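J.: I am attaching a structure below and will ask some questions about it afterwards.
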Amino acid sequence: MTTVDLVALRDHLRPVGAALREHALAIDADPGALHTLLDSGVLPYRQLGGFPPGYLDDPLRVRGVPVHVRTCVERAVVAETLAWGDASVVVGAPGPSMSGIVVDDLADDEQRDRFYRRVAEPRTWTFFGLTEPDRGSDAAALETAVVELPGGPDDGSAPGHGSPRTVLRGHKKYVGNVARASLGVVFARHRPGPLGVGVYLVDTDRPGFDAAPLVLTGMRSIQLGEVRLRDVPLRPEDTLGRHLSPSRRGLLGAVRTFNRLRPVVASLAVGVTQAALDYVRAERSSFTADERWRLETFDDRLHAARALVLQAARAADDDPADGTLPAAAKAAALDLAEEVTHAVPPLLGPGARWEHPYLDKLVRDVPGLEMMEGTRTVQRLTLAQGWLQGRARHAELV
Amino acid sequence: MSTDVVAPAPAEAVEVSPEEGGAPVRADGPAGLRAVARELGPVAALTALAGLLPVAALPGEYVLLPDDVPPPGDWAQVGEVASDTGPLLVWRAPRAGAARQVAEAHDAAAPAVADAAPAAGEAATGAADAAPVAGETAATRAADAAWRIGVAWVRAGLCERLTDRAVERLRGRTLGGTATVNLPPVRLVLADAALAHLEAQALLGGAAARDAAPDGGASISGVSLARVTAVLDRSSRAVHNLFGASGFVDGEPARLARTIDLLGHAGGTLPGGTAGREGHDA
């Protein structure tokens, strides 16, 4: 559990969220404008990235207390506060991101050090290579494979001359930041069966790693891309969780990562919802009774969603193997974000989507949150299953 | 005062050249726009709509038009939407005062809906005291209402088009060895979409009002139009989500979904005057 004063953390980061708002439309129009934001220095992305102690000389300090943003609760509060300005920048900023969480779960000491030393360098992006164009996020059906090539002169990446070369071969798509990342993780099948999927730490400058960005409809900072893995050399030390039993690595690592990330995605949705409600109140000083009732209802639901998200984050910190509350949080927060972002523009007139482009951006951003870490349909199935198994029935939301 | 809007009178069949070329497309009336939208997409459907009805909007309001359909008078272009079949331009009608000339031009264009249109705005929002904006005339509002109902038919067809595209995609994918389209959660979304399409058709076709009206005449209320918009909004968003991440990149599904969304935003309800106007202090 975190000992950080969450209210103080929100207050500390509120100006950063406001600064992100000022850059939001420029980045939406041109994702390359993210560099202008990074140059401005208003986004302490390294301090917010979730580095373990020892990899940053100047961690975030809130009322004098160092905050490393390592827990799900801390990540959720950071994400919500910054998403008020621009949710896509939270996901698209350089740093450990999703890969950091799976590295935390699966890597041995050498791998963890290799990863974080590299990512601690300024402007270093990472990627999380799971989704495939023909398989989606059906991790059990991955086609990307670890292939043993016949022995022969190798390129130095294999353990020894003349031994078989181990390579990655496949195609990943909808992978955030992949075209500008320096390293990340790739999920690939090394043998048939449910335990046959491994996670590999891969540098993007290896031969055969060919990544390109895709054009998105929203959340443009995240720069989704696709990568073709054309016999990318693998080393034995690239296998995350090599010191763990087969049942602890591979897909299980992905499940635990997703369970920790869902409250964060949900918190992004809460931040977007708050932004939409604040925006309309800033643009209109008065409302009809019916409109006021609708807005107050949204306020109530937002408070409830925020409480649920925080409780889910605490649950994920306590037991990342249980995805019940994280699933509930994501479903509830996304339901609300979608509804509010569509309900607010008409309150500013029939052409608000053109006259208030920030609102239009919010509408376009929310589907990006929907696809992250599983759609709401999947979340509902997870929630139902967990509830039937007796979980999340006694959650206390205060 | 009546809250009904008479359905746009079917006009003579118009011929529209589809984007893909080939035989001209005939839209025999507003209901026919649905099929054009489903089969040929938004550009052809809105072109067909403009062939059936004069392009109309109230002062300061918005329409989306293909680039070869000119807006009336001195309308201002404020944006562009990339649909799945080509660009649509976003036009704003002149604001109050500047719109009188355009309104007069419309007076002669849509007499069929003139009488009933004023009440529709009230029904759409429940704002009984909604006063016409300067520059509006009864005929302007009638033409606007007719256009919105035509747009709703187009949206109904586009929602079916989006659903067809989703089904095509999901038939070719599997999850855990099962065709994605056969997964129960997916089927529930598709069933809800089908229900939405059926309800929209029934409401736009005036079935509800016809049953309620003593004279049995076909009419569409502002409330009905708002309901159509709401069910199509919800349906299209749910179906769009079936595309997963592939619907979030700038491709045909995303463009089609966004077109459906923006058409609803621009003309999904009949204006009643609450938005942007002063009310109680918040």
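Note on naming: chains are A, B, ... as they come in the structure tokens, residues start from 1 per chain, ligands start from 1 in the order shown.
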Pull the closest atom pair for each residue of chain A that gets at most 8 Å from chain B, along with the distance in Å to one decimal, counting only C-alpha atoms, ordering rows by chain and then ascending residue number, as CSV.
T.:
residue,atom,partner,partner_atom,distance
A:Asp134,CA,B:Arg173,CA,6.9
A:Arg135,CA,B:Arg173,CA,7.1
A:Asp138,CA,B:Leu175,CA,6.1
A:Ala140,CA,B:Gly176,CA,7.1
A:Ala141,CA,B:Gly176,CA,7.0
A:Tyr174,CA,B:Ala245,CA,6.5
A:Leu214,CA,B:Val249,CA,6.7
A:Val215,CA,B:Asp250,CA,5.5
A:Leu216,CA,B:Val249,CA,4.2
A:Thr217,CA,B:Asp250,CA,5.5
A:Gly218,CA,B:Phe248,CA,7.4
A:Arg284,CA,B:Gly276,CA,7.5
A:Ser285,CA,B:Ala282,CA,6.8
A:Ser286,CA,B:Asp281,CA,4.4
A:Phe287,CA,B:Gly279,CA,4.8
A:Thr288,CA,B:Gly279,CA,4.4
A:Ala289,CA,B:His280,CA,6.2
A:Arg292,CA,B:Ala282,CA,6.2
A:Pro346,CA,B:Ala275,CA,6.5
A:Leu347,CA,B:Ala275,CA,4.9
A:Leu348,CA,B:Gly276,CA,5.2
A:Gly349,CA,B:Ala275,CA,5.1
A:Pro350,CA,B:Ala266,CA,5.9
A:Gly351,CA,B:Tyr62,CA,6.3
A:Arg353,CA,B:His265,CA,7.7
A:Trp354,CA,B:Gly79,CA,7.1
A:Pro367,CA,B:Phe248,CA,6.9
A:Gly368,CA,B:Phe248,CA,6.5
A:Glu370,CA,B:Asn241,CA,7.7
A:Met371,CA,B:Ala245,CA,5.8
A:Thr375,CA,B:Gly244,CA,7.5
A:Thr377,CA,B:Pro185,CA,6.7
J.: Only N, CA and C atoms, please: the residues just picked out, written as a JSON list (two decimals), in the first residue's frame.
T.:
[["chain", "number", "residue", "atom", "x", "y", "z"],
["A", 134, "ASP", "N", -3.60, -10.45, -37.19],
["A", 134, "ASP", "CA", -4.59, -11.49, -37.46],
["A", 134, "ASP", "C", -5.15, -12.13, -36.20],
["A", 135, "ARG", "N", -4.53, -11.86, -35.08],
["A", 135, "ARG", "CA", -4.93, -12.53, -33.85],
["A", 135, "ARG", "C", -5.42, -11.57, -32.79],
["A", 138, "ASP", "N", -5.54, -11.99, -28.72],
["A", 138, "ASP", "CA", -5.75, -13.38, -28.32],
["A", 138, "ASP", "C", -4.38, -14.00, -28.07],
["A", 140, "ALA", "N", -3.29, -16.41, -26.50],
["A", 140, "ALA", "CA", -3.10, -17.86, -26.58],
["A", 140, "ALA", "C", -2.89, -18.33, -28.01],
["A", 141, "ALA", "N", -3.22, -17.48, -28.98],
["A", 141, "ALA", "CA", -3.12, -17.89, -30.38],
["A", 141, "ALA", "C", -2.01, -17.15, -31.11],
["A", 174, "TYR", "N", -0.55, -2.43, -33.72],
["A", 174, "TYR", "CA", -1.21, -1.64, -32.67],
["A", 174, "TYR", "C", -0.35, -1.62, -31.41],
["A", 214, "LEU", "N", 1.44, 4.11, -37.26],
["A", 214, "LEU", "CA", 0.14, 4.13, -37.93],
["A", 214, "LEU", "C", -0.51, 5.50, -37.67],
["A", 215, "VAL", "N", -1.41, 5.88, -38.57],
["A", 215, "VAL", "CA", -2.15, 7.12, -38.37],
["A", 215, "VAL", "C", -3.38, 6.81, -37.52],
["A", 216, "LEU", "N", -3.55, 7.55, -36.44],
["A", 216, "LEU", "CA", -4.63, 7.27, -35.50],
["A", 216, "LEU", "C", -5.74, 8.30, -35.60],
["A", 217, "THR", "N", -6.90, 7.94, -35.06],
["A", 217, "THR", "CA", -8.02, 8.87, -35.06],
["A", 217, "THR", "C", -8.08, 9.70, -33.79],
["A", 218, "GLY", "N", -7.35, 9.31, -32.79],
["A", 218, "GLY", "CA", -7.29, 10.04, -31.52],
["A", 218, "GLY", "C", -6.07, 9.56, -30.76],
["A", 284, "ARG", "N", -19.79, 27.80, -20.28],
["A", 284, "ARG", "CA", -21.17, 28.27, -20.03],
["A", 284, "ARG", "C", -21.33, 28.56, -18.55],
["A", 285, "SER", "N", -21.90, 29.70, -18.26],
["A", 285, "SER", "CA", -22.03, 30.07, -16.85],
["A", 285, "SER", "C", -23.35, 29.62, -16.24],
["A", 286, "SER", "N", -24.32, 29.32, -17.08],
["A", 286, "SER", "CA", -25.60, 28.92, -16.52],
["A", 286, "SER", "C", -26.24, 27.85, -17.40],
["A", 287, "PHE", "N", -27.13, 27.11, -16.76],
["A", 287, "PHE", "CA", -27.75, 25.97, -17.44],
["A", 287, "PHE", "C", -29.23, 25.91, -17.06],
["A", 288, "THR", "N", -29.97, 25.25, -17.90],
["A", 288, "THR", "CA", -31.37, 25.01, -17.54],
["A", 288, "THR", "C", -31.41, 24.00, -16.39],
["A", 289, "ALA", "N", -32.56, 23.90, -15.79],
["A", 289, "ALA", "CA", -32.69, 22.96, -14.67],
["A", 289, "ALA", "C", -32.39, 21.54, -15.12],
["A", 292, "ARG", "N", -28.69, 21.17, -15.66],
["A", 292, "ARG", "CA", -27.98, 21.16, -14.39],
["A", 292, "ARG", "C", -28.14, 19.79, -13.70],
["A", 346, "PRO", "N", -23.08, 18.97, -27.19],
["A", 346, "PRO", "CA", -24.36, 19.62, -27.51],
["A", 346, "PRO", "C", -24.73, 20.72, -26.52],
["A", 347, "LEU", "N", -24.19, 20.69, -25.33],
["A", 347, "LEU", "CA", -24.48, 21.76, -24.37],
["A", 347, "LEU", "C", -23.86, 23.09, -24.80],
["A", 348, "LEU", "N", -22.93, 23.01, -25.73],
["A", 348, "LEU", "CA", -22.29, 24.24, -26.22],
["A", 348, "LEU", "C", -22.76, 24.60, -27.62],
["A", 349, "GLY", "N", -23.85, 23.99, -28.04],
["A", 349, "GLY", "CA", -24.42, 24.39, -29.32],
["A", 349, "GLY", "C", -24.25, 23.33, -30.38],
["A", 350, "PRO", "N", -24.97, 23.49, -31.48],
["A", 350, "PRO", "CA", -25.02, 22.43, -32.50],
["A", 350, "PRO", "C", -23.70, 22.21, -33.23],
["A", 351, "GLY", "N", -22.82, 23.18, -33.23],
["A", 351, "GLY", "CA", -21.56, 23.01, -33.94],
["A", 351, "GLY", "C", -20.37, 22.88, -33.02],
["A", 353, "ARG", "N", -18.62, 20.54, -31.95],
["A", 353, "ARG", "CA", -17.51, 19.65, -32.31],
["A", 353, "ARG", "C", -16.50, 20.38, -33.20],
["A", 354, "TRP", "N", -16.96, 21.43, -33.89],
["A", 354, "TRP", "CA", -16.03, 22.21, -34.71],
["A", 354, "TRP", "C", -15.61, 23.48, -34.00],
["A", 367, "PRO", "N", -12.22, 6.21, -27.47],
["A", 367, "PRO", "CA", -12.08, 4.86, -28.04],
["A", 367, "PRO", "C", -10.66, 4.30, -27.94],
["A", 368, "GLY", "N", -9.68, 5.17, -27.85],
["A", 368, "GLY", "CA", -8.31, 4.69, -27.64],
["A", 368, "GLY", "C", -8.15, 4.07, -26.26],
["A", 370, "GLU", "N", -10.64, 2.68, -24.72],
["A", 370, "GLU", "CA", -11.45, 1.45, -24.79],
["A", 370, "GLU", "C", -10.60, 0.26, -25.21],
["A", 371, "MET", "N", -9.73, 0.45, -26.18],
["A", 371, "MET", "CA", -9.00, -0.70, -26.71],
["A", 371, "MET", "C", -7.82, -1.10, -25.82],
["A", 375, "THR", "N", -11.30, -4.58, -24.12],
["A", 375, "THR", "CA", -12.50, -3.76, -24.27],
["A", 375, "THR", "C", -13.43, -3.96, -23.07],
["A", 377, "THR", "N", -16.30, -5.14, -23.09],
["A", 377, "THR", "CA", -16.94, -6.45, -23.14],
["A", 377, "THR", "C", -16.11, -7.48, -22.37]]
J.: Tell me which protein, DNA and RNA residues are within 12 Å of Pro246 of chain A, counting only C-alpha atoms, leaving out same-chain ones fewer than 3 positions away, and put them as a PyMOL selection string.
T.: chain A and resi 106+190-191+193-199+239-243+249-253
J.: Run DSSP on the backbone and grab whatever in segment 323-353 of chain A lands in helix (DSSP H, G or I); send it over as a list in words.
T.: Thr324, Leu325, Pro326, Ala327, Ala328, Ala329, Lys330, Ala331, Ala332, Ala333, Leu334, Asp335, Leu336, Ala337, Glu338, Glu339, Val340, Thr341, His342, Ala343, Val344, Pro345, Pro346, Leu347, Ala352 and Arg353 of chain A
J.: Which of these residues is nearest to Val89 of chain A, using only C-alpha atoms: A:Gly176, A:Pro133, A:Gly170, A:Pro150?
T.: A:Gly176
J.: Please return as an mmCIF file with C-alpha atoms, in the first residue's frame: the residues of segment 59-130 of chain A that backbone DSSP assigns to strand (DSSP E or B).
T.:
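As written to disk, part.cif reads:
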data_model
loop_
_atom_site.group_PDB
_atom_site.id
_atom_site.type_symbol
_atom_site.label_atom_id
_atom_site.label_comp_id
_atom_site.auth_asym_id
_atom_site.auth_seq_id
_atom_site.Cartn_x
_atom_site.Cartn_y
_atom_site.Cartn_z
ATOM 1 C CA LEU A 60 9.537 13.489 -7.674
ATOM 2 C CA ARG A 61 9.161 15.093 -4.262
ATOM 3 C CA VAL A 62 5.753 15.892 -2.860
ATOM 4 C CA VAL A 65 8.658 13.100 0.367
ATOM 5 C CA PRO A 66 10.143 11.199 -2.607
ATOM 6 C CA VAL A 67 7.494 9.572 -4.763
ATOM 7 C CA TRP A 125 10.600 5.084 -25.320
ATOM 8 C CA THR A 126 9.661 1.469 -24.770
ATOM 9 C CA PHE A 127 7.107 -0.791 -26.424
ATOM 10 C CA PHE A 128 4.885 -3.715 -25.416
ATOM 11 C CA GLY A 129 4.586 -6.122 -28.334
#
J.: Hey, what's within 10 Å of Ser267 of chain A if we count only C-alpha atoms and toss same-chain stuff fewer than 4 positions away? As an mmCIF file with C-alpha atoms, in the first residue's frame, please?
T.:
data_model
loop_
_atom_site.group_PDB
_atom_site.id
_atom_site.type_symbol
_atom_site.label_atom_id
_atom_site.label_comp_id
_atom_site.auth_asym_id
_atom_site.auth_seq_id
_atom_site.Cartn_x
_atom_site.Cartn_y
_atom_site.Cartn_z
ATOM 1 C CA VAL A 73 -2.452 3.698 -6.745
ATOM 2 C CA ARG A 75 0.126 5.588 -11.153
ATOM 3 C CA ALA A 76 -3.635 5.996 -11.138
ATOM 4 C CA VAL A 77 -3.526 9.344 -9.400
ATOM 5 C CA VAL A 78 -0.805 10.596 -11.720
ATOM 6 C CA ALA A 79 -2.650 9.367 -14.788
ATOM 7 C CA GLU A 80 -5.958 10.937 -13.800
ATOM 8 C CA THR A 81 -4.435 14.295 -12.959
ATOM 9 C CA LEU A 82 -2.449 14.527 -16.166
ATOM 10 C CA ALA A 83 -5.258 13.162 -18.322
ATOM 11 C CA ALA A 87 -4.498 11.519 -21.737
ATOM 12 C CA LEU A 261 -2.685 -1.329 -15.860
ATOM 13 C CA ARG A 262 -6.464 -1.433 -16.067
ATOM 14 C CA PRO A 263 -6.965 0.869 -13.093
ATOM 15 C CA GLY A 271 -9.435 12.435 -15.974
ATOM 16 C CA VAL A 272 -10.943 12.841 -19.430
ATOM 17 C CA THR A 273 -14.436 12.881 -17.935
ATOM 18 C CA ALA A 305 -16.051 5.951 -10.625
ATOM 19 C CA ARG A 306 -13.057 7.633 -9.030
ATOM 20 C CA LEU A 308 -13.979 2.478 -7.672
ATOM 21 C CA VAL A 309 -10.803 3.123 -9.642
ATOM 22 C CA LEU A 310 -8.815 3.858 -6.514
ATOM 23 C CA ALA A 313 -5.753 0.167 -7.864
ATOM 24 C CA ALA A 329 -13.128 -0.016 -12.751
ATOM 25 C CA LYS A 330 -12.275 0.073 -16.397
ATOM 26 C CA ALA A 333 -14.954 4.573 -16.063
ATOM 27 C CA LEU A 334 -15.120 3.994 -19.803
#
